[in-house]
Every structure is written in C-alpha cells, then in structure tokens.
Amino acid sequence: MRKTIPIAQPIIGKEEIEAVVGVLKSGVLTSKFGDGPYSKKFEESFAKYVGVKYAVAMNSGTAALHAALLAADIGSGDEVIVPSFTFVATVEAVVLTGAKPRFVDIDPKTYTIDPAAIEDSITGRTSAIIPVHMYGLMADMEKIMKIAREHDLTVIEDAAQALGSELGGKKAGSFGDFGCFSFYASKVITTGEGGMVVTNRRDNAEALYSLRSHGFGRHFSSERLGHNYRMPEIASAIGYYQLLKLPRFLEARRKNANILTSILEDVGRLELPFEPPGYKHSWYVYTVRLKGCRAGERNKVVAKLTSSGIQAEIYYATPVHMAPYYRRKFGFKPRSLPKTEAAARQVFSLPVHPGLTEEDLKYIGQKIKKIVG
Ligand SMILES: Cc1ncc(COP(=O)(O)O)c(C=O)c1O
C-alpha cells in the first residue's frame, strides 16, 4: 500500500543533528535570560532575514504572541481586534492578558482579516489589532497599518504561518509594532516547539527579554510579572540551521504549489489559492475551497483523500468565536461572521511541503480531480 503523504514534514539534515550534538556536548543547554550562544546567533540571523532591528526567541508561537501583547501593555479593559478564522492561539493570547477579543470577518478570497471590517469595529477601548497571515498569505498590511496609525493602535502580526512571505518586497513581521512567528513541527522552519517576536524598537525588545525570563531586569530580580518563555539552546541550534535552508524550502514550496495549481486549475468546483499582485506566499499549506458546499460534503471529500493516503486537513473547521470556551465566556453567537463561517464549512488544505516528490503532487492532484472533478 502507498505510504500516507503527510500534510507537513520537518526536513532535518545533518547540520541540525551535528549542532544538537554539539550543544549537548557543550553542557550549555539554556541560560537564565534565554541569551545562550545559539539563541543569540539565531536571533541575529532571524532579525536580519526579516529586515528588523530585534528578534527575541521564545519557546512557542503562543508565548511569542502573549509576550508581544504584554510588552505592548495590553490587559484588562482593552479590546483587541482579531480574526476568528485562525488557530486558537491568536485569541488565547489576548484572553490570557485579560483583554477582550473583538472578532471581525475575513476577505473570502484571501481568508485574511478584512480591513474595512476592522474600521467598523474600532471602539474607545480598542488598543491593538492582530492580523493573521493565513496559510502563508499576508493580510493587507498596508491598509491595516494606515488604520492603526490613524487610531493609535498597536499592531501585532501573527506571522506563525508566514515566515518568508512578503508584501511589496517587505517581509511578514516587519510591518507591525511586533511580528510573531512559530517553529512548531509543521511550520516552514521548525525547532520542534519554538517562537520568535520581532520588533524595531529597543524598548519593546527589552520588555520582551524581561518578559521571557520572569520579568528580570539586568539582574536576577523581577521588575515586572514575567514567564518562563525561554528557548532552549538545542532548539535555537536547530532553528539557526533551519533558517539557513529557508530560501530553499520556500522555493520548493512555491514549485509544489505551482504544480498543484497546474493540475487543478480546470476543476470548476474548486477555488484555488493565489498570490495577489505584490504578494509573495510562503505556501505553508495549499488551501482550496469547495465552492458553495456544506460542511458534510467537504468532510466527505477530506475523508476520501485520507483513505487514499493523502493527509488533507481542515484549518479551521471551528472558528474561534464558535468554540465552546469562547462562546461560554463571551457569549459569541453563530451567524455573526458569515464569511468566516462559510470558509470554515468549505475549505481544506493540502500538502506542498519540500518533502514531496512530483509524483506525490500528481497523485494528490489526480485523486482530487477524481473525487470532485
Ligand atoms: C496562526 C497561528 N498562530 C499561532 C500559532 C501558535 O504557535 P505555537 O504552536 O508555536 O504555539 C500557530 C501555530 O501553531 C498558528 O498557526
């Protein structure tokens, strides 16, 4: 039988393995401020890659989002504008600070937050916006930054899926006051678990250094409430070598996405992902919409793909405002975000990671054609 084609696959080479062994032999596994030698090297090369002044390593993308919100002084009494069509961590981080999420709908073509809907949702309590670069395609950061500057709002980019994505030649994470990344095992580069916050402001970077290590200042004494969000040296070593390979990974993803598009472009029932002019996709996943369908029909297609050895996934079948905890806590109602809820019923994602062969991609394309074509 054919081996299942996974939706994501870490690509780890001998450089990462040797670096990990080197860390283990060195005995320096972490440091009390999170500024061990590999963490500093990883941060420096990451900041340079994204085109920002500072990068601060964290131990997950969720920690990165939470720390960025805390560094921006967001807390109880604040409202933060977020999409509901995202991974729950975007919203969880807001709720952890004591602030209230204010959900807005998406652009149904790009699945990213709709700038016009942001403007309509700003209240006297709004203090920040978290645009999410869904599936690797950036939100309309030019419009969002303009709105944020007019209303004096902090912008925290959730670039967990979009390392290397661009708009107008500028990298994801470099538009907002903060940019947050994840290195979870499925991401474009991985450290197993891990995250990064980038910023151009020194005071923000200093707040992040402190927040990731118990609120310490220059000395081993807490000046604010903090966490243990430090990235271990083993993870930083993996991340450093993964980042060197990122341009190659992104090229392979683009090539794979183009192959799927060339096979699927004549399937009338499917709406395919695309790069609007000026944008560069990271092709984290290849997400298609089964036009006009109910969730049941889409779920059957995904089940058929799964039984054919293709790991298709639904990101995200339950928008955050519909998840039990968020409904209970905030009283969010169904049918309040129609474009988000339609996407949640109709999309599914396919693999385009660098571990795929051309034969895998042809197999995926042909199976889909057979199922929905
Ligand atoms: C959009 C988005 N935000 C936040 C996260 C959280 O990152 P992590 O899993 O590293 O905590 C993820 C990924 O898992 C994500 O996809």
# chains A, B, ... in the order shown; residues from 1 in each chain; ligands from 1
call {"tool": "select_by_dssp", "arguments": {"residues": "segment 11-146 of chain A", "states": "helix (DSSP H, G or I)", "output": "PyMOL selection string"}}
result
chain A and resi 14-26+37-50+61-71+89-96+115-121+134-136+141-146
call {"tool": "residues_near_ligand", "arguments": {"ligand": "ligand 1", "cutoff": "9 Å", "atoms": "only C-alpha atoms and all ligand atoms", "output": "ChimeraX atom specification"}}
result
/A:59-65,86-91,93,132-135,158-162,180-187,192-195
call {"tool": "atom_distance", "arguments": {"atom1": "atom CA of Leu69 of chain A", "atom2": "atom CA of Val94 of chain A"}}
result
7.2 Å
call {"tool": "closest_atom_pairs", "arguments": {"of": "segment 35-125 of chain A", "to": "segment 281-298 of chain A", "cutoff": "12 Å", "atoms": "only C-alpha atoms", "output": "Markdown table"}}
result
| residue | atom | partner | partner_atom | distance |
| --- | --- | --- | --- | --- |
| A:Pro108 | CA | A:Arg289 | CA | 9.9 |
| A:Lys109 | CA | A:Arg289 | CA | 9.6 |
| A:Thr110 | CA | A:Thr287 | CA | 10.1 |
| A:Tyr111 | CA | A:Thr287 | CA | 9.8 |
call {"tool": "closest_residue", "arguments": {"among": "A:Thr123, A:Thr4, A:Ser307, A:Ser236", "to": "Val28 of chain A", "atoms": "only C-alpha atoms"}}
result
A:Ser236
call {"tool": "select_by_dssp", "arguments": {"residues": "segment 202-269 of chain A", "states": "strand (DSSP E or B)", "output": "list in words"}}
result
Ser213, Phe216, Ser222 and Asn228 of chain A
call {"tool": "closest_atom_pairs", "arguments": {"of": "segment 185-255 of chain A", "to": "segment 337-352 of chain A", "cutoff": "12 Å", "atoms": "only C-alpha atoms", "output": "tab-separated table"}}
result
residue	atom	partner	partner_atom	distance
A:Ser186	CA	A:Pro351	CA	10.6
A:Lys187	CA	A:Pro351	CA	11.8
A:Val188	CA	A:Val352	CA	10.7
A:Phe249	CA	A:Val352	CA	10.5
A:Leu250	CA	A:Val352	CA	10.2
A:Glu251	CA	A:Val352	CA	10.9
A:Ala252	CA	A:Val352	CA	8.3
A:Arg253	CA	A:Val352	CA	5.6
A:Arg254	CA	A:Val352	CA	8.1
A:Lys255	CA	A:Val352	CA	8.6
call {"tool": "write_last_selection", "arguments": {"atoms": "C-alpha atoms", "output": "PDB file, in the first residue's frame"}}
result
ATOM      1  CA  SER A 186       4.580  21.627  10.959  1.00  0.00           C
ATOM      2  CA  LYS A 187       5.873  25.126  10.211  1.00  0.00           C
ATOM      3  CA  VAL A 188       8.017  26.375   7.312  1.00  0.00           C
ATOM      4  CA  PHE A 249      12.423  25.411   1.439  1.00  0.00           C
ATOM      5  CA  LEU A 250      10.347  28.341   0.174  1.00  0.00           C
ATOM      6  CA  GLU A 251      11.396  27.725  -3.411  1.00  0.00           C
ATOM      7  CA  ALA A 252      10.384  24.059  -3.167  1.00  0.00           C
ATOM      8  CA  ARG A 253       7.007  25.028  -1.656  1.00  0.00           C
ATOM      9  CA  ARG A 254       6.361  27.522  -4.456  1.00  0.00           C
ATOM     10  CA  LYS A 255       7.264  24.963  -7.098  1.00  0.00           C
TER      11      LYS A 255
END
call {"tool": "closest_atom_pairs", "arguments": {"of": "segment 197-307 of chain A", "to": "segment 30-42 of chain A", "cutoff": "6 Å", "atoms": "only C-alpha atoms", "output": "tab-separated table"}}
result
residue	atom	partner	partner_atom	distance
A:Ser213	CA	A:Phe33	CA	5.6
A:Arg230	CA	A:Gly34	CA	4.9
A:Pro232	CA	A:Thr30	CA	5.0
A:Glu233	CA	A:Thr30	CA	5.2
A:Ser236	CA	A:Ser39	CA	5.0
A:Ala237	CA	A:Tyr38	CA	5.4
A:Tyr240	CA	A:Phe42	CA	4.7
call {"tool": "write_last_selection", "arguments": {"atoms": "C-alpha atoms", "output": "PDB file, in the first residue's frame"}}
result
ATOM      1  CA  SER A 213      12.526  35.329  31.856  1.00  0.00           C
ATOM      2  CA  ARG A 230      12.948  30.982  27.045  1.00  0.00           C
ATOM      3  CA  PRO A 232      16.398  26.131  24.970  1.00  0.00           C
ATOM      4  CA  GLU A 233      19.787  26.043  23.237  1.00  0.00           C
ATOM      5  CA  SER A 236      17.964  27.569  18.913  1.00  0.00           C
ATOM      6  CA  ALA A 237      20.703  25.485  17.303  1.00  0.00           C
ATOM      7  CA  TYR A 240      19.751  28.623  13.267  1.00  0.00           C
TER       8      TYR A 240
END
call {"tool": "closest_residue", "arguments": {"among": "A:Ser84, A:Asn228, A:Thr126, A:Thr306", "to": "Ile368 of chain A", "atoms": "only C-alpha atoms"}}
result
A:Thr306
call {"tool": "closest_residue", "arguments": {"among": "A:Lys100, A:Lys143, A:Arg201, A:Arg125", "to": "Ala72 of chain A", "atoms": "only C-alpha atoms"}}
result
A:Arg201
call {"tool": "closest_residue", "arguments": {"among": "A:Ile81, A:Ala323, A:Val372, A:Val23", "to": "Leu264 of chain A", "atoms": "only C-alpha atoms"}}
result
A:Val372
call {"tool": "residues_around", "arguments": {"residues": "Gly355 of chain A", "least_positions_apart": "2", "cutoff": "8 Å", "atoms": "only C-alpha atoms", "output": "list in words"}}
result
Gln9, Ile11, His353 and Thr357 of chain A
call {"tool": "write_last_selection", "arguments": {"atoms": "N, CA and C atoms", "output": "short mmCIF file (atom, residue, chain, number, x, y, z; two decimals), in the first residue's frame"}}
result
data_model
loop_
_atom_site.label_atom_id
_atom_site.label_comp_id
_atom_site.auth_asym_id
_atom_site.auth_seq_id
_atom_site.Cartn_x
_atom_site.Cartn_y
_atom_site.Cartn_z
N GLN A 9 5.95 18.04 7.18
CA GLN A 9 7.04 17.12 7.49
C GLN A 9 8.29 17.93 7.79
N ILE A 11 12.00 18.91 7.84
CA ILE A 11 13.13 18.50 7.00
C ILE A 11 14.40 18.81 7.80
N HIS A 353 4.69 20.75 1.08
CA HIS A 353 5.99 20.90 1.76
C HIS A 353 7.14 20.34 0.91
N THR A 357 7.47 14.64 -3.63
CA THR A 357 8.02 14.46 -4.98
C THR A 357 6.97 14.93 -6.00
#
call {"tool": "closest_residue", "arguments": {"among": "A:Phe220, A:Tyr54, A:Tyr209, A:Phe85", "to": "Asp177 of chain A", "atoms": "only C-alpha atoms"}}
result
A:Tyr54
call {"tool": "closest_residue", "arguments": {"among": "A:Ile234, A:Leu211, A:Ala68, A:Val80", "to": "Ala19 of chain A", "atoms": "only C-alpha atoms"}}
result
A:Ile234
call {"tool": "atom_distance", "arguments": {"atom1": "atom CA of His227 of chain A", "atom2": "atom CA of His66 of chain A"}}
result
10.0 Å
call {"tool": "residues_around", "arguments": {"residues": "Phe103 of chain A", "least_positions_apart": "2", "cutoff": "8 Å", "atoms": "only C-alpha atoms", "output": "compact mmCIF listing (two decimals) with N, CA and C atoms, in the first residue's frame"}}
result
# COMPACT_ATOMS: atom_id res chain seq x y z
N ILE A 81 -8.61 43.64 18.28
CA ILE A 81 -9.30 43.19 17.06
C ILE A 81 -8.54 42.00 16.46
N VAL A 82 -9.26 40.90 16.28
CA VAL A 82 -8.66 39.66 15.76
C VAL A 82 -9.61 39.01 14.76
N PRO A 83 -9.06 38.20 13.85
CA PRO A 83 -9.97 37.37 13.05
C PRO A 83 -10.38 36.17 13.91
N SER A 84 -11.54 35.61 13.62
CA SER A 84 -11.95 34.37 14.28
C SER A 84 -11.47 33.18 13.46
N PRO A 101 -11.22 39.83 23.13
CA PRO A 101 -11.09 39.76 21.67
C PRO A 101 -12.32 40.38 21.00
N ASP A 105 -14.68 39.90 10.49
CA ASP A 105 -14.77 38.92 9.41
C ASP A 105 -13.57 39.03 8.46
N HIS A 321 -14.75 32.01 17.47
CA HIS A 321 -15.95 32.53 18.15
C HIS A 321 -17.00 31.45 18.37
